[in-house]
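As provided, protein_9.txt (compact mmCIF, C-alpha atoms and all ligand atoms) reads as follows.
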# COMPACT_ATOMS: atom_id res chain seq x y z
CA MET H 12 -23.02 -10.21 37.26
CA ASN H 13 -25.00 -7.10 36.38
CA ARG H 14 -22.06 -4.86 36.99
CA LEU H 15 -19.94 -6.90 34.69
CA PHE H 16 -22.44 -6.53 31.89
CA SER H 17 -22.94 -2.83 32.36
CA ALA H 18 -19.23 -2.30 31.84
CA TRP H 19 -19.45 -3.70 28.32
CA PRO H 20 -21.01 -0.75 26.49
CA LEU H 21 -18.34 1.52 27.93
CA ALA H 22 -15.57 -0.81 26.84
CA ALA H 23 -17.08 -1.03 23.39
CA MET H 24 -17.29 2.75 23.16
CA LEU H 25 -13.67 3.11 24.16
CA ALA H 26 -12.57 0.57 21.60
CA GLY H 27 -14.64 2.34 18.95
CA ALA H 28 -13.11 5.69 19.79
CA LEU H 29 -9.64 4.22 19.54
CA LEU H 30 -10.37 2.74 16.14
CA VAL H 31 -11.73 6.02 14.81
CA SER H 32 -8.78 8.05 16.01
CA THR H 33 -6.12 5.70 14.68
CA SER H 34 -7.71 5.54 11.24
CA ALA H 35 -7.92 9.33 11.15
CA LEU H 36 -4.24 9.52 11.98
CA ALA H 37 -3.35 6.98 9.34
CA ASP H 38 -5.05 8.92 6.57
CA ASP H 39 -1.93 10.01 4.70
CA ASN H 40 -0.78 6.42 4.94
CA LYS H 41 -3.87 5.26 3.13
CA CYS H 42 -3.48 3.85 -0.37
CA THR H 43 -5.48 5.63 -3.03
CA ILE H 44 -4.40 3.59 -6.06
CA ALA H 45 -3.91 0.02 -4.94
CA THR H 46 -7.30 -0.31 -3.35
CA LYS H 47 -8.04 -3.84 -4.48
CA PRO H 48 -7.11 -6.26 -1.71
CA GLU H 49 -6.60 -9.06 -4.23
CA SER H 50 -3.65 -7.37 -5.91
CA VAL H 51 -0.12 -7.75 -4.52
CA VAL H 52 0.22 -4.10 -3.65
CA GLY H 53 -3.39 -3.92 -2.51
CA LYS H 54 -2.65 -6.63 -0.01
CA ALA H 55 0.26 -4.69 1.42
CA CYS H 56 -1.91 -1.58 1.50
CA ALA H 57 -4.62 -3.41 3.35
CA SER H 58 -2.22 -4.64 6.00
CA GLY H 59 0.00 -1.61 6.50
CA GLY H 60 -1.05 1.19 4.19
CA ARG H 61 1.32 3.12 1.95
CA LYS H 62 4.22 2.47 4.26
CA GLU H 63 3.89 -1.26 3.73
CA ALA H 64 3.22 -0.78 0.01
CA LYS H 65 6.39 1.25 -0.36
CA LYS H 66 8.39 -1.42 1.38
CA LEU H 67 6.93 -4.04 -0.93
CA MET H 68 7.53 -2.00 -4.08
CA LYS H 69 11.13 -1.44 -3.09
CA GLU H 70 11.50 -5.15 -2.51
CA ILE H 71 10.05 -6.00 -5.93
CA VAL H 72 12.18 -3.39 -7.70
CA LYS H 73 15.25 -4.77 -5.95
CA LYS H 74 14.43 -8.34 -6.93
CA ALA H 75 13.93 -7.35 -10.55
CA LYS H 76 17.23 -5.52 -10.51
CA GLU H 77 19.01 -8.56 -9.14
CA LYS H 78 17.62 -10.47 -12.10
CA GLY H 79 18.88 -7.85 -14.51
CA THR H 80 15.80 -5.74 -15.16
CA LYS H 81 16.00 -2.18 -13.98
CA PHE H 82 12.95 -0.23 -12.93
CA GLN H 83 12.70 3.03 -11.09
CA CYS H 84 9.93 4.36 -8.93
CA ASP H 85 9.60 7.52 -10.97
CA GLY H 86 9.47 5.53 -14.18
CA CYS H 87 5.96 4.51 -13.18
CA HIS H 88 4.98 7.10 -10.61
CA LYS H 89 4.77 10.58 -12.11
CA ASN H 90 4.53 11.87 -8.61
CA MET H 91 6.25 10.50 -5.57
CA ASP H 92 4.37 12.84 -3.25
CA SER H 93 1.04 12.17 -1.65
CA SER H 94 -0.73 11.43 -4.94
CA MET H 95 1.67 8.67 -6.15
CA GLU H 96 0.14 9.37 -9.57
CA LEU H 97 0.86 6.68 -12.12
CA SER H 98 2.17 7.27 -15.62
CA LYS H 99 0.04 5.93 -18.43
CA ASP H 100 2.14 2.81 -18.96
CA ALA H 101 2.58 2.07 -15.29
CA LYS H 102 0.03 -0.71 -15.10
CA ALA H 103 1.46 -2.56 -18.07
CA ASP H 104 4.99 -1.95 -16.85
CA PHE H 105 4.05 -3.19 -13.44
CA LYS H 106 3.13 -6.56 -14.89
CA LYS H 107 6.54 -6.70 -16.51
CA LEU H 108 8.12 -5.71 -13.22
CA LEU H 109 6.34 -8.52 -11.39
CA MET H 110 7.39 -11.01 -14.05
CA ALA H 111 10.97 -9.81 -13.93
CA ALA H 112 11.05 -10.03 -10.16
CA GLY H 113 9.38 -13.43 -10.23
CA VAL H 114 6.76 -12.38 -7.71
C1 LIG H 201 6.87 -0.83 -13.18
C2 LIG H 201 6.06 0.22 -12.65
C3 LIG H 201 6.26 0.64 -11.19
C4 LIG H 201 7.44 0.87 -10.52
C5 LIG H 201 8.85 0.74 -11.04
C6 LIG H 201 7.07 1.27 -9.18
N1 LIG H 201 5.71 1.27 -9.03
FE1 LIG H 201 4.69 1.71 -7.31
N2 LIG H 201 2.94 1.18 -8.24
C7 LIG H 201 2.82 0.80 -9.57
C8 LIG H 201 1.45 0.44 -9.82
C9 LIG H 201 0.87 -0.02 -11.16
C10 LIG H 201 0.75 0.61 -8.59
C11 LIG H 201 -0.74 0.31 -8.34
C12 LIG H 201 -0.89 -1.18 -8.09
C13 LIG H 201 -2.31 -1.61 -7.96
O1 LIG H 201 -3.21 -0.88 -8.34
O2 LIG H 201 -2.51 -2.73 -7.48
C14 LIG H 201 1.73 1.08 -7.62
C15 LIG H 201 1.43 1.40 -6.31
C16 LIG H 201 2.33 1.94 -5.41
C17 LIG H 201 2.01 2.39 -4.08
C18 LIG H 201 0.62 2.40 -3.47
C19 LIG H 201 0.03 3.75 -3.76
C20 LIG H 201 -1.43 3.86 -3.41
O3 LIG H 201 -1.82 4.91 -2.93
O4 LIG H 201 -2.20 2.91 -3.64
C21 LIG H 201 3.14 2.86 -3.51
C22 LIG H 201 3.30 3.46 -2.12
C23 LIG H 201 4.21 2.66 -4.47
N3 LIG H 201 3.67 2.12 -5.63
C24 LIG H 201 5.52 3.01 -4.26
C25 LIG H 201 6.55 2.73 -5.15
C26 LIG H 201 7.97 2.92 -4.85
C27 LIG H 201 8.51 3.46 -3.54
C28 LIG H 201 8.65 2.51 -5.94
C29 LIG H 201 10.16 2.43 -6.14
C30 LIG H 201 10.87 1.56 -5.21
C31 LIG H 201 7.68 2.08 -6.94
N4 LIG H 201 6.42 2.23 -6.41
C32 LIG H 201 7.99 1.62 -8.20
C33 LIG H 201 3.82 0.76 -10.51
C34 LIG H 201 5.17 0.89 -10.24

Hey, can you dump this file as structure tokens for me?
Amino acid sequence: MNRLFSAWPLAAMLAGALLVSTSALADDNKCTIATKPESVVGKACASGGRKEAKKLMKEIVKKAKEKGTKFQCDGCHKNMDSSMELSKDAKADFKKLLMAAGV
């Protein structure tokens, strides 16, 4: 019984170390703009970081295109590098994009 319990702190430490190292690795995958988990993109960011957000944005852009409204990534993102900087109309345009895509 005692031995079983004494193994717990070690297990917890190992799990903690794993968590710390994976989040450090995932840093460049971390969203810096869509940080609100209640937004559509924020949700994707929360579950899979930028990778997931990119997938989602592509999906939305594709849907909008199918419905006849064309948007391009660089129409809203001044930078497609690590900053993903938004242009000044991006937020307003994004609403239009979501409407057009019917998301
Ligand atoms: C109509 C404007 C618009 C278009 C087109 C657009 N985006 Fe975005 N994107 C945004 C906005 C606005 C946000 C921030 C959303 C938020 O804050 O919830 C965002 C967020 C992101 C993020 C998360 C960035 C971060 O660090 O939080 C990624 C990744 C992204 N977009 C990739 C893309 C890709 C790839 C495309 C092309 C397929 C694309 N976007 C097209 C407006 C746009």

Q.
Can you work out which residues are within 7 Å of ligand LIG 201 (chain H), considering only C-alpha atoms and all ligand atoms, and then hand them over as JSON, numbers by chain?
A. {"H": [41, 42, 43, 44, 45, 46, 47, 50, 51, 52, 53, 56, 61, 62, 64, 65, 66, 68, 69, 72, 82, 83, 84, 85, 86, 87, 88, 94, 95, 97, 101, 102, 104, 105, 107, 108]}

Next, write the just-selected residues to a file, as a tab-separated table (two decimals), in the coordinates of the input, keeping C-alpha atoms as the atom set.
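The result, stored in selection.tsv:
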chain	number	residue	atom	x	y	z
H	41	LYS	CA	-3.87	5.26	3.13
H	42	CYS	CA	-3.48	3.85	-0.37
H	43	THR	CA	-5.48	5.63	-3.03
H	44	ILE	CA	-4.40	3.59	-6.06
H	45	ALA	CA	-3.91	0.02	-4.94
H	46	THR	CA	-7.30	-0.31	-3.35
H	47	LYS	CA	-8.04	-3.84	-4.48
H	50	SER	CA	-3.65	-7.37	-5.91
H	51	VAL	CA	-0.12	-7.75	-4.52
H	52	VAL	CA	0.22	-4.10	-3.65
H	53	GLY	CA	-3.39	-3.92	-2.51
H	56	CYS	CA	-1.91	-1.58	1.50
H	61	ARG	CA	1.32	3.12	1.95
H	62	LYS	CA	4.22	2.47	4.26
H	64	ALA	CA	3.22	-0.78	0.01
H	65	LYS	CA	6.39	1.25	-0.36
H	66	LYS	CA	8.39	-1.42	1.38
H	68	MET	CA	7.53	-2.00	-4.08
H	69	LYS	CA	11.13	-1.44	-3.09
H	72	VAL	CA	12.18	-3.39	-7.70
H	82	PHE	CA	12.95	-0.23	-12.93
H	83	GLN	CA	12.70	3.03	-11.09
H	84	CYS	CA	9.93	4.36	-8.93
H	85	ASP	CA	9.60	7.52	-10.97
H	86	GLY	CA	9.47	5.53	-14.18
H	87	CYS	CA	5.96	4.51	-13.18
H	88	HIS	CA	4.98	7.10	-10.61
H	94	SER	CA	-0.73	11.43	-4.94
H	95	MET	CA	1.67	8.67	-6.15
H	97	LEU	CA	0.86	6.68	-12.12
H	101	ALA	CA	2.58	2.07	-15.29
H	102	LYS	CA	0.03	-0.71	-15.10
H	104	ASP	CA	4.99	-1.95	-16.85
H	105	PHE	CA	4.05	-3.19	-13.44
H	107	LYS	CA	6.54	-6.70	-16.51
H	108	LEU	CA	8.12	-5.71	-13.22

Q: May I ask which of the residues H:Lys81, H:Asn40, H:Asp100, H:Lys74 is the closest one to Val114 (chain H), counting only C-alpha atoms?
A: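 Once distances to Val114 (chain H) are computed over only C-alpha atoms, the minimum belongs to H:Lys74.
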
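If you look at CA of Glu70 (chain H) and CA of Ala111 (chain H), they are 12.3 Å away from each other.
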